[in-house]
file model24.txt (compact mmCIF, C-alpha atoms)
# COMPACT_ATOMS: atom_id res chain seq x y z
CA MET U 9 14.89 12.24 -3.92
CA SER U 10 14.97 8.54 -4.59
CA GLY U 11 18.14 6.58 -5.13
CA SER U 12 20.41 4.54 -3.00
CA HIS U 13 21.99 7.52 -1.23
CA SER U 14 18.83 9.23 -0.02
CA LYS U 15 17.02 8.53 3.20
CA TYR U 16 14.17 6.99 1.24
CA PRO U 17 15.39 4.67 -1.46
CA GLY U 18 12.48 3.28 -3.39
CA LEU U 19 9.29 5.26 -3.18
CA PRO U 20 9.96 9.01 -3.19
CA PRO U 21 8.76 10.54 0.08
CA LEU U 22 6.43 12.99 -1.65
CA PRO U 23 3.78 12.43 -4.33
CA PRO U 24 4.60 13.57 -7.88
CA PRO U 25 3.84 17.26 -8.54
CA PHE U 26 0.95 16.47 -10.91
CA ALA U 27 -0.87 14.40 -8.24
CA ARG U 28 -3.22 17.31 -7.52
CA GLU U 29 -4.56 17.31 -11.05
CA GLU U 30 -4.14 13.76 -12.30
CA PRO U 31 -4.32 10.39 -10.51
CA PRO U 32 -0.79 8.94 -10.45
CA VAL U 33 -0.13 5.38 -11.54
CA ALA U 34 3.17 3.51 -11.58
CA LYS U 35 5.13 2.97 -14.78
CA VAL U 36 8.17 0.78 -15.40
CA ILE U 37 11.19 2.43 -16.99
CA GLU U 38 11.95 -0.31 -19.48
CA GLU U 39 15.67 0.46 -19.85
CA LYS U 40 16.16 0.23 -16.09
CA CYS U 41 14.13 -2.91 -15.42
CA ILE U 42 16.27 -5.99 -14.76
CA GLY U 43 13.39 -8.47 -14.95
CA CYS U 44 13.99 -9.64 -11.38
CA ASP U 45 10.37 -10.69 -10.66
CA ARG U 46 10.25 -8.91 -7.31
CA CYS U 47 7.45 -6.43 -7.93
CA PRO U 48 4.53 -8.59 -9.17
CA PRO U 49 4.18 -10.51 -5.90
CA LEU U 50 4.09 -7.25 -3.95
CA CYS U 51 1.34 -5.76 -6.12
CA PHE U 52 -1.87 -6.44 -4.29
CA PHE U 53 -4.10 -5.29 -7.06
CA ASP U 54 -3.08 -7.62 -9.90
CA SER U 55 -1.87 -4.66 -11.92
CA LEU U 56 1.75 -5.68 -12.40
CA PHE U 57 3.04 -8.66 -14.32
CA MET U 58 6.18 -9.86 -16.10
CA GLU U 59 6.18 -9.77 -19.88
CA SER U 60 8.59 -11.51 -22.22
CA ARG U 61 10.76 -9.10 -24.23
CA PRO U 62 13.29 -11.13 -26.21
CA ALA U 63 15.04 -7.94 -27.38
CA HIS U 64 15.52 -6.64 -23.83
CA PRO U 65 18.89 -7.40 -22.20
CA TYR U 66 17.12 -9.37 -19.47
CA GLY U 67 14.60 -11.02 -21.77
CA LYS U 68 11.61 -9.84 -19.72
CA ILE U 69 10.36 -6.76 -17.95
CA ALA U 70 7.65 -5.78 -15.49
CA VAL U 71 4.59 -4.08 -16.96
CA VAL U 72 1.94 -2.01 -15.13
CA VAL U 73 -1.70 -2.09 -16.22
CA PRO U 74 -2.67 1.57 -15.71
CA GLU U 75 -6.40 0.79 -15.52
CA LYS U 76 -5.83 -1.53 -12.56
CA CYS U 77 -3.06 0.39 -10.75
CA THR U 78 -4.32 2.07 -7.59
CA GLY U 79 -1.13 4.12 -7.21
CA CYS U 80 -0.35 2.61 -3.82
CA GLY U 81 3.46 2.84 -4.13
CA LEU U 82 4.45 -0.69 -3.08
CA CYS U 83 6.14 -1.59 -6.38
CA PHE U 84 8.57 1.31 -5.94
CA GLU U 85 9.61 -0.31 -2.69
CA ALA U 86 10.08 -3.73 -4.23
CA CYS U 87 12.33 -2.49 -7.04
CA PRO U 88 16.08 -2.90 -6.39
CA VAL U 89 17.05 -0.54 -9.24
CA ASP U 90 14.50 2.30 -8.97
CA ALA U 91 12.91 1.44 -12.28
CA PHE U 92 9.53 2.95 -11.40
CA LEU U 93 8.18 6.42 -11.96
CA TRP U 94 4.80 8.11 -11.56
CA VAL U 95 2.76 9.02 -14.63
CA PRO U 96 -0.77 10.43 -14.86
CA GLY U 97 -3.24 7.57 -14.97
CA PRO U 98 -6.69 7.20 -16.49
CA ARG U 99 -9.59 8.87 -14.75
CA ARG U 100 -12.79 7.07 -13.83
CA PRO U 101 -15.90 7.76 -15.87
CA PRO U 102 -18.04 10.59 -14.43
CA GLY U 103 -19.93 9.47 -11.35
CA LYS U 104 -17.47 6.67 -10.62
CA GLU U 105 -14.53 8.75 -9.48
CA VAL U 106 -14.87 7.67 -5.88
CA ALA U 107 -14.72 3.93 -6.29
CA ASN U 108 -11.55 2.02 -6.88
CA GLU U 109 -11.31 -1.37 -8.51
CA ARG U 110 -14.60 -3.24 -8.73
CA HIS U 111 -14.93 -6.97 -8.77
CA MET X 20 -6.76 -31.64 12.87
CA PRO X 21 -4.54 -30.07 15.52
CA LEU X 22 -4.91 -26.50 14.19
CA THR X 23 -8.71 -26.40 14.24
CA LEU X 24 -10.40 -24.51 17.01
CA SER X 25 -13.71 -23.12 18.09
CA PHE X 26 -13.89 -19.33 18.08
CA LEU X 27 -17.15 -17.51 18.85
CA GLY X 28 -19.06 -20.66 18.06
CA LEU X 29 -17.42 -20.83 14.63
CA ARG X 30 -15.23 -23.70 13.53
CA LEU X 31 -11.85 -22.36 12.35
CA ARG X 32 -9.37 -24.64 10.59
CA SER X 33 -6.49 -22.46 11.83
CA PRO X 34 -6.08 -19.69 14.39
CA VAL X 35 -4.50 -17.57 11.63
CA MET X 36 -7.01 -15.07 10.27
CA VAL X 37 -6.51 -12.36 7.68
CA ALA X 38 -6.87 -8.94 9.32
CA SER X 39 -9.09 -6.23 7.93
CA GLY X 40 -7.06 -4.21 5.44
CA PRO X 41 -5.51 -4.17 1.99
CA ALA X 42 -5.38 -7.99 1.96
CA SER X 43 -9.13 -8.31 2.43
CA HIS X 44 -10.43 -5.72 0.03
CA ASP X 45 -11.79 -7.87 -2.80
CA VAL X 46 -13.10 -11.37 -3.45
CA ASN X 47 -9.98 -12.49 -5.27
CA GLN X 48 -8.02 -11.89 -2.07
CA VAL X 49 -10.60 -13.80 -0.03
CA ARG X 50 -10.22 -16.68 -2.47
CA GLN X 51 -6.43 -16.68 -2.01
CA ALA X 52 -6.80 -16.64 1.77
CA ASP X 53 -9.18 -19.61 1.49
CA GLU X 54 -6.75 -21.53 -0.71
CA GLN X 55 -3.99 -20.96 1.84
CA HIS X 56 -6.22 -22.33 4.61
CA ALA X 57 -6.65 -19.14 6.60
CA GLY X 58 -8.92 -19.63 9.59
CA ALA X 59 -11.15 -16.72 8.65
CA VAL X 60 -11.02 -13.35 6.93
CA VAL X 61 -11.97 -10.01 8.42
CA LEU X 62 -13.03 -7.94 5.43
CA LYS X 63 -11.77 -4.43 4.81
CA THR X 64 -13.67 -1.90 6.93
CA ALA X 65 -16.70 -0.26 5.33
CA CYS X 66 -17.39 3.31 6.49
CA SER X 67 -20.80 4.84 6.93
CA ASP X 68 -21.83 7.38 4.31
CA ARG X 69 -20.91 10.20 6.69
CA PHE X 70 -17.27 9.21 6.09
CA GLU X 71 -17.57 8.87 2.35
CA GLU X 72 -14.23 10.64 1.82
CA MET X 73 -12.49 7.71 3.50
CA ARG X 74 -13.43 5.54 0.50
CA SER X 75 -10.97 7.49 -1.64
CA TRP X 76 -7.29 7.19 -0.99
CA PRO X 77 -4.32 9.44 -1.75
CA ARG X 78 -1.68 8.23 -4.20
CA PRO X 79 0.70 6.90 -3.06
CA ARG X 80 -0.71 5.60 0.20
CA TYR X 81 1.88 3.03 1.31
CA LYS X 82 5.50 3.45 2.24
CA MET X 83 7.75 0.80 3.70
CA LEU X 84 9.76 2.49 6.42
CA ASP X 85 13.07 0.95 7.46
CA TRP X 86 12.67 -1.40 4.55
CA ASP X 87 15.78 -3.07 3.22
CA ARG X 88 15.15 -3.64 -0.45
CA GLN X 89 18.16 -5.89 -0.76
CA ILE X 90 16.61 -8.49 1.50
CA ALA X 91 13.09 -7.59 0.40
CA GLY X 92 10.46 -9.76 2.03
CA ARG X 93 12.84 -11.17 4.59
CA SER X 94 13.07 -7.84 6.38
CA LYS X 95 11.78 -8.16 9.91
CA THR X 96 12.06 -4.60 11.14
CA PHE X 97 10.06 -2.63 8.58
CA SER X 98 7.00 -0.55 9.25
CA LEU X 99 4.10 -0.40 6.86
CA TYR X 100 3.16 3.28 6.73
CA SER X 101 -0.32 3.48 5.29
CA TYR X 102 -3.06 5.96 4.69
CA GLU X 103 -5.46 3.49 3.15
CA GLN X 104 -8.72 4.11 4.91
CA GLY X 105 -12.11 2.50 4.34
CA TYR X 106 -13.35 0.00 1.76
CA SER X 107 -13.27 1.88 -1.53
CA GLY X 108 -16.65 0.88 -2.93
CA THR X 109 -20.16 1.88 -1.90
CA LEU X 110 -22.01 0.17 0.92
CA GLU X 111 -24.03 -1.73 -1.71
CA ASP X 112 -20.73 -2.99 -3.15
CA TYR X 113 -19.70 -4.07 0.32
CA TRP X 114 -22.86 -6.09 0.94
CA GLU X 115 -22.25 -7.87 -2.35
CA PHE X 116 -18.61 -8.40 -1.35
CA ILE X 117 -19.83 -10.22 1.77
CA ARG X 118 -22.35 -12.31 -0.18
CA VAL X 119 -19.88 -13.36 -2.89
CA SER X 120 -17.18 -14.12 -0.30
CA LYS X 121 -19.57 -16.35 1.64
CA GLN X 122 -20.88 -18.04 -1.45
CA HIS X 123 -17.47 -19.17 -2.69
CA THR X 124 -15.61 -20.05 0.50
CA SER X 125 -16.13 -22.35 3.43
CA MET X 126 -14.32 -20.29 6.04
CA PRO X 127 -16.01 -17.75 8.32
CA ILE X 128 -16.29 -14.25 6.85
CA ILE X 129 -16.22 -11.38 9.32
CA GLY X 130 -17.55 -7.99 8.24
CA SER X 131 -15.91 -4.83 9.54
CA ILE X 132 -17.55 -1.45 9.91
CA PHE X 133 -16.80 2.09 11.02
CA ALA X 134 -19.34 4.80 11.85
CA ASP X 135 -19.82 7.45 14.49
CA VAL X 136 -23.40 7.80 15.74
CA PRO X 137 -24.89 4.64 17.32
CA GLY X 138 -27.75 4.54 14.81
CA ASP X 139 -25.31 4.22 11.91
CA TRP X 140 -23.27 1.55 13.71
CA ALA X 141 -26.46 -0.46 14.24
CA ARG X 142 -27.75 -0.02 10.68
CA LEU X 143 -24.44 -1.09 9.12
CA ALA X 144 -24.18 -4.05 11.50
CA GLU X 145 -27.68 -5.23 10.58
CA LYS X 146 -26.77 -5.15 6.90
CA VAL X 147 -23.55 -7.05 7.53
CA GLN X 148 -25.55 -9.77 9.26
CA GLU X 149 -28.32 -9.72 6.67
CA ASN X 150 -25.80 -10.32 3.89
CA GLY X 151 -24.44 -13.43 5.52
CA ALA X 152 -21.34 -12.50 7.52
CA ASP X 153 -20.53 -14.93 10.34
CA ALA X 154 -19.44 -12.18 12.71
CA ILE X 155 -18.78 -8.47 12.75
CA GLU X 156 -15.78 -6.45 13.87
CA LEU X 157 -16.24 -2.86 15.01
CA ASP X 158 -13.28 -0.78 13.85
CA ILE X 159 -13.81 1.59 16.69
CA SER X 160 -10.16 2.57 16.89
CA SER X 161 -8.94 3.29 13.37
CA PRO X 162 -5.54 5.00 13.29
CA HIS X 163 -7.14 7.39 10.82
CA ARG X 164 -9.89 8.66 13.10
CA PRO X 165 -8.58 8.59 16.65
CA GLY X 166 -10.26 10.88 19.09
CA SER X 167 -13.33 11.20 16.91
CA LEU X 168 -15.09 8.79 19.22
CA GLY X 169 -15.72 9.91 22.78
CA PHE X 170 -15.10 6.78 24.78
CA GLU X 171 -17.74 7.16 27.48
CA THR X 172 -20.48 8.21 25.11
CA THR X 173 -19.92 7.02 21.58
CA PHE X 174 -17.80 3.92 22.15
CA ILE X 175 -20.02 2.29 24.73
CA ALA X 176 -23.18 3.42 22.96
CA ALA X 177 -21.93 2.05 19.64
CA VAL X 178 -21.05 -1.37 21.05
CA LYS X 179 -24.39 -1.58 22.88
CA ALA X 180 -26.32 -0.50 19.79
CA VAL X 181 -24.65 -3.12 17.61
CA VAL X 182 -24.99 -5.88 20.20
CA ALA X 183 -28.70 -5.09 20.48
CA SER X 184 -29.17 -5.13 16.70
CA VAL X 185 -27.49 -8.36 15.62
CA THR X 186 -27.33 -11.97 16.72
CA ILE X 187 -23.92 -12.73 15.17
CA PRO X 188 -20.82 -12.36 17.39
CA VAL X 189 -19.46 -8.83 17.76
CA LEU X 190 -15.68 -8.25 17.90
CA VAL X 191 -14.45 -4.88 19.13
CA LYS X 192 -11.11 -3.73 17.74
CA LEU X 193 -9.19 -1.43 20.06
CA ALA X 194 -6.28 0.92 19.51
CA PRO X 195 -3.07 0.35 21.45
CA GLY X 196 -2.64 2.63 24.43
CA PRO X 197 -2.69 2.85 28.19
CA ASP X 198 -6.48 2.49 28.39
CA VAL X 199 -6.65 -0.90 26.69
CA PRO X 200 -7.38 -3.05 29.78
CA ASP X 201 -10.18 -0.77 30.97
CA GLN X 202 -11.60 -0.46 27.45
CA CYS X 203 -11.60 -4.26 27.17
CA VAL X 204 -13.63 -4.54 30.36
CA ALA X 205 -16.01 -1.82 29.17
CA ALA X 206 -16.46 -3.59 25.82
CA GLU X 207 -17.18 -6.89 27.55
CA GLN X 208 -19.71 -5.23 29.85
CA ALA X 209 -21.35 -3.60 26.82
CA GLY X 210 -21.89 -7.07 25.38
CA ALA X 211 -18.96 -7.60 23.01
CA SER X 212 -18.33 -11.25 22.12
CA ALA X 213 -14.59 -10.82 21.54
CA LEU X 214 -11.78 -8.29 21.35
CA SER X 215 -9.36 -7.63 18.51
CA LEU X 216 -6.08 -6.30 19.91
CA CYS X 217 -4.80 -4.03 18.55
CA ASN X 218 -5.30 -1.71 15.68
CA ARG X 219 -2.22 -0.05 14.24
CA LEU X 220 -0.74 3.01 15.87
CA ARG X 221 -1.12 6.48 14.46
CA GLY X 222 2.28 7.75 13.40
CA ILE X 223 4.04 10.23 11.19
CA ASP X 224 7.30 10.44 9.27
CA VAL X 225 9.04 13.49 7.87
CA ASP X 226 11.12 14.08 4.77
CA VAL X 227 14.15 15.97 6.05
CA GLU X 228 14.98 17.63 2.72
CA SER X 229 11.59 19.22 2.05
CA GLU X 230 10.66 19.43 5.74
CA ARG X 231 7.27 17.96 4.90
CA PRO X 232 5.49 14.99 6.45
CA ILE X 233 5.88 12.22 3.84
CA LEU X 234 3.32 11.13 1.24
CA HIS X 235 -0.07 12.79 1.77
CA GLY X 236 1.36 15.14 4.40
CA TYR X 237 -0.61 13.90 7.39
CA TYR X 238 -0.52 11.22 10.08
CA ALA X 239 -0.80 7.59 8.97
CA GLY X 240 -1.17 4.14 10.44
CA VAL X 241 2.10 2.45 11.36
CA GLY X 242 2.65 -1.18 12.20
CA GLY X 243 4.89 -4.12 11.54
CA PRO X 244 6.91 -6.75 13.35
CA TRP X 245 8.49 -4.20 15.71
CA ALA X 246 5.07 -3.43 17.22
CA LYS X 247 4.31 -6.94 18.41
CA TYR X 248 5.83 -6.79 21.88
CA TYR X 249 3.64 -3.87 22.80
CA THR X 250 0.53 -5.67 21.60
CA MET X 251 1.58 -8.88 23.31
CA ARG X 252 1.52 -6.95 26.57
CA HIS X 253 -1.95 -5.65 25.79
CA VAL X 254 -3.14 -9.18 25.07
CA ALA X 255 -1.63 -10.44 28.33
CA GLU X 256 -3.23 -7.62 30.32
CA ALA X 257 -6.60 -8.03 28.67
CA ALA X 258 -6.66 -11.81 29.01
CA GLN X 259 -6.38 -11.41 32.76
CA ARG X 260 -9.23 -8.93 32.93
CA VAL X 261 -11.91 -10.34 30.61
CA SER X 262 -13.42 -13.73 29.92
CA ILE X 263 -14.33 -13.12 26.27
CA PRO X 264 -11.87 -14.40 23.64
CA ILE X 265 -9.14 -12.23 22.16
CA SER X 266 -8.04 -12.06 18.54
CA ALA X 267 -4.48 -10.71 18.59
CA THR X 268 -3.11 -8.69 15.72
CA SER X 269 0.17 -6.88 15.31
CA GLY X 270 3.44 -7.82 13.69
CA VAL X 271 2.95 -11.56 13.24
CA MET X 272 5.56 -12.84 10.79
CA THR X 273 6.05 -16.46 11.89
CA GLY X 274 4.36 -19.40 13.53
CA GLU X 275 6.38 -18.65 16.63
CA ASP X 276 4.80 -15.17 16.86
CA VAL X 277 1.38 -16.84 16.70
CA VAL X 278 2.29 -19.25 19.48
CA LYS X 279 3.48 -16.38 21.68
CA TYR X 280 0.16 -14.59 21.31
CA LEU X 281 -1.74 -17.82 22.08
CA LEU X 282 0.42 -18.49 25.13
CA LEU X 283 -0.40 -14.98 26.33
CA GLY X 284 -4.11 -15.70 26.14
CA ALA X 285 -5.22 -14.98 22.58
CA SER X 286 -7.57 -17.43 20.84
CA THR X 287 -6.74 -16.39 17.29
CA VAL X 288 -4.35 -14.03 15.53
CA GLN X 289 -4.83 -11.76 12.55
CA ILE X 290 -2.08 -11.10 10.03
CA LEU X 291 -1.61 -8.55 7.30
CA SER X 292 1.82 -6.97 6.80
CA VAL X 293 3.45 -10.37 6.31
CA ILE X 294 1.03 -11.16 3.47
CA LEU X 295 1.82 -7.84 1.87
CA VAL X 296 5.57 -8.35 1.92
CA ASN X 297 5.88 -12.12 1.59
CA GLY X 298 2.75 -13.05 -0.31
CA TRP X 299 -0.28 -15.25 0.29
CA GLU X 300 1.94 -18.28 0.84
CA SER X 301 2.76 -16.73 4.22
CA ILE X 302 -0.53 -18.11 5.58
CA GLY X 303 0.33 -21.66 4.56
CA ARG X 304 3.88 -21.25 5.84
CA ILE X 305 2.73 -19.96 9.24
CA ASN X 306 0.22 -22.83 9.50
CA ALA X 307 3.03 -25.30 8.77
CA GLU X 308 5.28 -23.66 11.34
CA LEU X 309 2.46 -23.84 13.89
CA LEU X 310 2.03 -27.55 13.25
CA ALA X 311 5.75 -28.13 13.67
CA ILE X 312 5.78 -26.24 16.99
CA LEU X 313 2.75 -28.20 18.25
CA GLU X 314 4.46 -31.42 17.34
CA ARG X 315 7.74 -30.38 18.97
CA LYS X 316 5.92 -29.42 22.16
CA GLY X 317 3.80 -32.55 22.12
CA ALA X 318 0.57 -30.51 22.22
CA ALA X 319 -2.46 -32.29 20.82
CA SER X 320 -4.35 -29.14 19.95
CA ILE X 321 -3.74 -25.47 19.39
CA GLU X 322 -6.22 -24.80 22.17
CA ASP X 323 -3.89 -26.50 24.66
CA LEU X 324 -1.51 -23.53 24.39
CA ARG X 325 -3.92 -20.77 25.27
CA GLY X 326 -2.86 -18.65 28.22
CA ASN X 327 -0.10 -20.99 29.41
CA ALA X 328 2.46 -18.17 29.65
CA LEU X 329 0.02 -16.08 31.66
CA ARG X 330 0.15 -18.64 34.42
CA ASN X 331 3.91 -18.11 34.50
CA LEU X 332 3.64 -14.35 34.69
CA THR X 333 5.58 -13.31 37.81
CA PRO X 334 3.90 -10.54 39.81
CA SER X 335 6.21 -7.65 40.64
CA GLU X 336 6.33 -8.50 44.33
CA GLN X 337 7.37 -12.08 43.59
CA ILE X 338 10.24 -11.24 41.25
CA ILE X 339 13.45 -12.57 42.76
CA ARG X 340 15.82 -9.68 43.38
CA TRP X 341 19.46 -9.39 44.38
CA SER X 342 21.52 -6.44 45.43
CA GLY X 343 22.33 -4.07 42.59
CA GLU X 344 25.41 -2.86 44.40
CA PRO X 345 28.82 -4.45 44.20
CA LEU X 346 30.14 -6.00 47.41
CA ASP X 347 32.53 -3.11 47.99
CA GLY X 348 29.70 -0.53 48.01
CA PRO X 349 28.51 2.22 45.66
CA ARG X 350 30.90 3.65 43.09
CA ASN X 351 30.97 7.13 44.51
CA VAL X 352 34.66 7.88 43.94
CA TRP X 353 35.04 10.14 40.89
CA LYS X 354 37.95 9.03 38.72
CA PRO X 355 39.42 12.00 36.81
call {"tool": "encode", "arguments": {"input": "model24.txt", "output": "structure tokens"}}
result
Amino acid sequence: MSGSHSKYPGLPPLPPPFAREEPPVAKVIEEKCIGCDRCPPLCFFDSLFMESRPAHPYGKIAVVVPEKCTGCGLCFEACPVDAFLWVPGPRRPPGKEVANERH
Amino acid sequence: MPLTLSFLGLRLRSPVMVASGPASHDVNQVRQADEQHAGAVVLKTACSDRFEEMRSWPRPRYKMLDWDRQIAGRSKTFSLYSYEQGYSGTLEDYWEFIRVSKQHTSMPIIGSIFADVPGDWARLAEKVQENGADAIELDISSPHRPGSLGFETTFIAAVKAVVASVTIPVLVKLAPGPDVPDQCVAAEQAGASALSLCNRLRGIDVDVESERPILHGYYAGVGGPWAKYYTMRHVAEAAQRVSIPISATSGVMTGEDVVKYLLLGASTVQILSVILVNGWESIGRINAELLAILERKGAASIEDLRGNALRNLTPSEQIIRWSGEPLDGPRNVWKP
């Protein structure tokens, strides 16, 4: 569904199939990431940053902090190489499921 | 300082305010807006407990429509498709959010609320004032709950209830649509101190392959630079009908967009999408562009621009018209 030839490059138009059971968070596919720095500025929730990886072909990659990711989808849109995918994220402790990030 | 202005009795260092939304959802964002010299921040809308479900959001909740990833943040035609609804914490969290924001910044902080019955509107508004907000915006027109508010009954009653309950200025945020000028007049008569024009439109997009509405499968708010001309018209219409100030919001990407809204009668503008796609520096950039335009035009103050284009609005009957027909008459000869 995603990819440069579909109508919706970037974020897939539909949520991942597991989204009914588990809260999705973004994850960077390390082999695909080109370390271009585009996604961290678009992440409004401080849950994406660049990390140095000397062994990686580009020397650095983007990393998602699952505990902070609110699953909004913006990083998928920022990525020029579709290096993001949805994975099940951590659940809130009982009684706190409703609230998002606190400050 | 040429960008400073008086708005609702508050001193703003710039007419550029951060609109209620994903860029005003936590104190770290308020801090960034302050550092970029935003004029004020309208905090993310807090919903009454009757709309508790609006504090939880689907994942994902944003999609950039017509977004060219190759030119990323320089895209000027995208639409931010969003189903992010109310502030995600509890009301207690929200009161603390107001207090902490006030404590650490010098700019005006405007609370934003959504409810349905007038009693809830009033109670939330009182708490917003009690916790130190400089003004309050009534999100009476959310793209997520259109039609849930009967205009004659709930809308007017809500504005009146809030106005009677607080002493801080009350902004009323309206949805775009044919009723805007009349709603502006009604809001002014009900005691509103200012208008915020306009909320985002309610839209929908469909995935052709699966034949499903995208993301969460329901309508969502749409907005972006393409929507500004429509809102500019609303601002122009409203400015001619009411005497209370207008805070314009829709599709502002540049200082020039701000100036256009001011020339059409707005006192301030609110921005959001541009911060999302181009970062917090957008506020500082737009302020710098505003200064450059003021200088170029030889205007001493941002307030000198307000409404100037309205005075040049040409009424329909005064538009200069010429014949639409060619000299040799209508082209009624069919050429096979």
call {"tool": "closest_atom_pairs", "arguments": {"input": "model24.txt", "of": "chain X", "to": "chain U", "cutoff": "6 Å", "atoms": "all atoms listed in the file", "output": "Markdown table"}}
result
| residue | atom | partner | partner_atom | distance |
| --- | --- | --- | --- | --- |
| X:Ser75 | CA | U:Val106 | CA | 5.8 |
| X:Arg78 | CA | U:Gly79 | CA | 5.1 |
| X:Pro79 | CA | U:Cys80 | CA | 4.5 |
| X:Arg80 | CA | U:Cys80 | CA | 5.0 |
| X:Tyr81 | CA | U:Cys80 | CA | 5.6 |
| X:Ser107 | CA | U:Ala107 | CA | 5.4 |
| X:Gly108 | CA | U:Ala107 | CA | 4.9 |
| X:Ile233 | CA | U:Pro21 | CA | 5.0 |
| X:Leu234 | CA | U:Leu22 | CA | 4.6 |
call {"tool": "write_last_selection", "arguments": {"input": "model24.txt", "atoms": "C-alpha atoms", "output": "short mmCIF file (atom, residue, chain, number, x, y, z; two decimals), keeping the file's coordinate frame"}}
result
data_model
loop_
_atom_site.label_atom_id
_atom_site.label_comp_id
_atom_site.auth_asym_id
_atom_site.auth_seq_id
_atom_site.Cartn_x
_atom_site.Cartn_y
_atom_site.Cartn_z
CA SER X 75 -10.97 7.49 -1.64
CA ARG X 78 -1.68 8.23 -4.20
CA PRO X 79 0.70 6.90 -3.06
CA ARG X 80 -0.71 5.60 0.20
CA TYR X 81 1.88 3.03 1.31
CA SER X 107 -13.27 1.88 -1.53
CA GLY X 108 -16.65 0.88 -2.93
CA ILE X 233 5.88 12.22 3.84
CA LEU X 234 3.32 11.13 1.24
#
call {"tool": "residues_around", "arguments": {"input": "model24.txt", "residues": "stretch 62-71 of chain U", "least_positions_apart": "6", "cutoff": "9 Å", "atoms": "all atoms listed in the file", "output": "PyMOL selection string"}}
result
chain U and resi 35-36+38-39+41-45+47-48+55-56
call {"tool": "residues_around", "arguments": {"input": "model24.txt", "residues": "stretch 41-52 of chain X", "least_positions_apart": "2", "cutoff": "6 Å", "atoms": "all atoms listed in the file", "output": "ChimeraX atom specification"}}
result
/X:39,54-55,57,62-63,120
call {"tool": "atom_distance", "arguments": {"input": "model24.txt", "atom1": "atom CA of X:Asp85", "atom2": "atom CA of X:Leu99"}}
result
9.1 Å
call {"tool": "residues_near_point", "arguments": {"input": "model24.txt", "point": "(4.3, -19.7, 2.6)", "cutoff": "12 Å", "atoms": "all atoms listed in the file", "output": "PyMOL selection string"}}
result
chain X and resi 52+54-57+92+272-274+293-294+296-308
call {"tool": "residues_around", "arguments": {"input": "model24.txt", "residues": "X:Leu143", "least_positions_apart": "2", "cutoff": "9 Å", "atoms": "only C-alpha atoms", "output": "list in words"}}
result
Ala65, Cys66, Ser67, Leu110, Ile132, Phe133, Ala134, Gly138, Asp139, Trp140, Ala141, Glu145, Lys146, Val147, Gln148 and Val181 of chain X
call {"tool": "atom_distance", "arguments": {"input": "model24.txt", "atom1": "atom CA of X:Pro197", "atom2": "atom CA of X:Leu216"}}
result
12.8 Å
call {"tool": "atom_distance", "arguments": {"input": "model24.txt", "atom1": "atom CA of X:Asp158", "atom2": "atom CA of X:Gly243"}}
result
18.6 Å
call {"tool": "closest_residue", "arguments": {"input": "model24.txt", "among": "X:Leu346, X:Val225, X:Leu190, X:Ala285", "to": "X:Glu322", "atoms": "only C-alpha atoms"}}
result
X:Ala285
call {"tool": "axis_aligned_box", "arguments": {"input": "model24.txt", "around": "stretch 44-59 of chain X", "padding_each_side": "3 Å", "output": "JSON"}}
result
{"center_x": -8.5, "center_y": -14.0, "center_z": 2.2, "size_x": 15.1, "size_y": 22.6, "size_z": 20.9}
call {"tool": "build_atoms", "arguments": {"input": "model24.txt", "residues": "stretch 22-31 of chain U", "atoms": "N, CA and C atoms", "output": "PDB file, in the frame of the given file"}}
result
ATOM      1  N   LEU U  22       7.564  12.115  -1.342  1.00  0.00           N
ATOM      2  CA  LEU U  22       6.430  12.990  -1.650  1.00  0.00           C
ATOM      3  C   LEU U  22       5.770  12.541  -2.954  1.00  0.00           C
ATOM      4  N   PRO U  23       4.460  12.805  -3.087  1.00  0.00           N
ATOM      5  CA  PRO U  23       3.780  12.430  -4.330  1.00  0.00           C
ATOM      6  C   PRO U  23       4.321  13.241  -5.500  1.00  0.00           C
ATOM      7  N   PRO U  24       4.125  12.790  -6.741  1.00  0.00           N
ATOM      8  CA  PRO U  24       4.600  13.570  -7.880  1.00  0.00           C
ATOM      9  C   PRO U  24       3.842  14.900  -7.954  1.00  0.00           C
ATOM     10  N   PRO U  25       4.454  15.927  -8.528  1.00  0.00           N
ATOM     11  CA  PRO U  25       3.840  17.260  -8.540  1.00  0.00           C
ATOM     12  C   PRO U  25       2.460  17.285  -9.213  1.00  0.00           C
ATOM     13  N   PHE U  26       2.233  16.418 -10.189  1.00  0.00           N
ATOM     14  CA  PHE U  26       0.950  16.470 -10.910  1.00  0.00           C
ATOM     15  C   PHE U  26      -0.185  15.779 -10.153  1.00  0.00           C
ATOM     16  N   ALA U  27       0.131  15.214  -8.949  1.00  0.00           N
ATOM     17  CA  ALA U  27      -0.870  14.400  -8.240  1.00  0.00           C
ATOM     18  C   ALA U  27      -2.112  15.182  -7.834  1.00  0.00           C
ATOM     19  N   ARG U  28      -2.027  16.522  -7.842  1.00  0.00           N
ATOM     20  CA  ARG U  28      -3.220  17.310  -7.520  1.00  0.00           C
ATOM     21  C   ARG U  28      -4.213  17.327  -8.663  1.00  0.00           C
ATOM     22  N   GLU U  29      -3.688  17.207  -9.874  1.00  0.00           N
ATOM     23  CA  GLU U  29      -4.560  17.310 -11.050  1.00  0.00           C
ATOM     24  C   GLU U  29      -4.912  15.962 -11.661  1.00  0.00           C
ATOM     25  N   GLU U  30      -3.935  15.051 -11.638  1.00  0.00           N
ATOM     26  CA  GLU U  30      -4.140  13.760 -12.300  1.00  0.00           C
ATOM     27  C   GLU U  30      -3.850  12.632 -11.321  1.00  0.00           C
ATOM     28  N   PRO U  31      -4.605  11.518 -11.410  1.00  0.00           N
ATOM     29  CA  PRO U  31      -4.320  10.390 -10.510  1.00  0.00           C
ATOM     30  C   PRO U  31      -3.053   9.644 -10.929  1.00  0.00           C
TER      31      PRO U  31
END
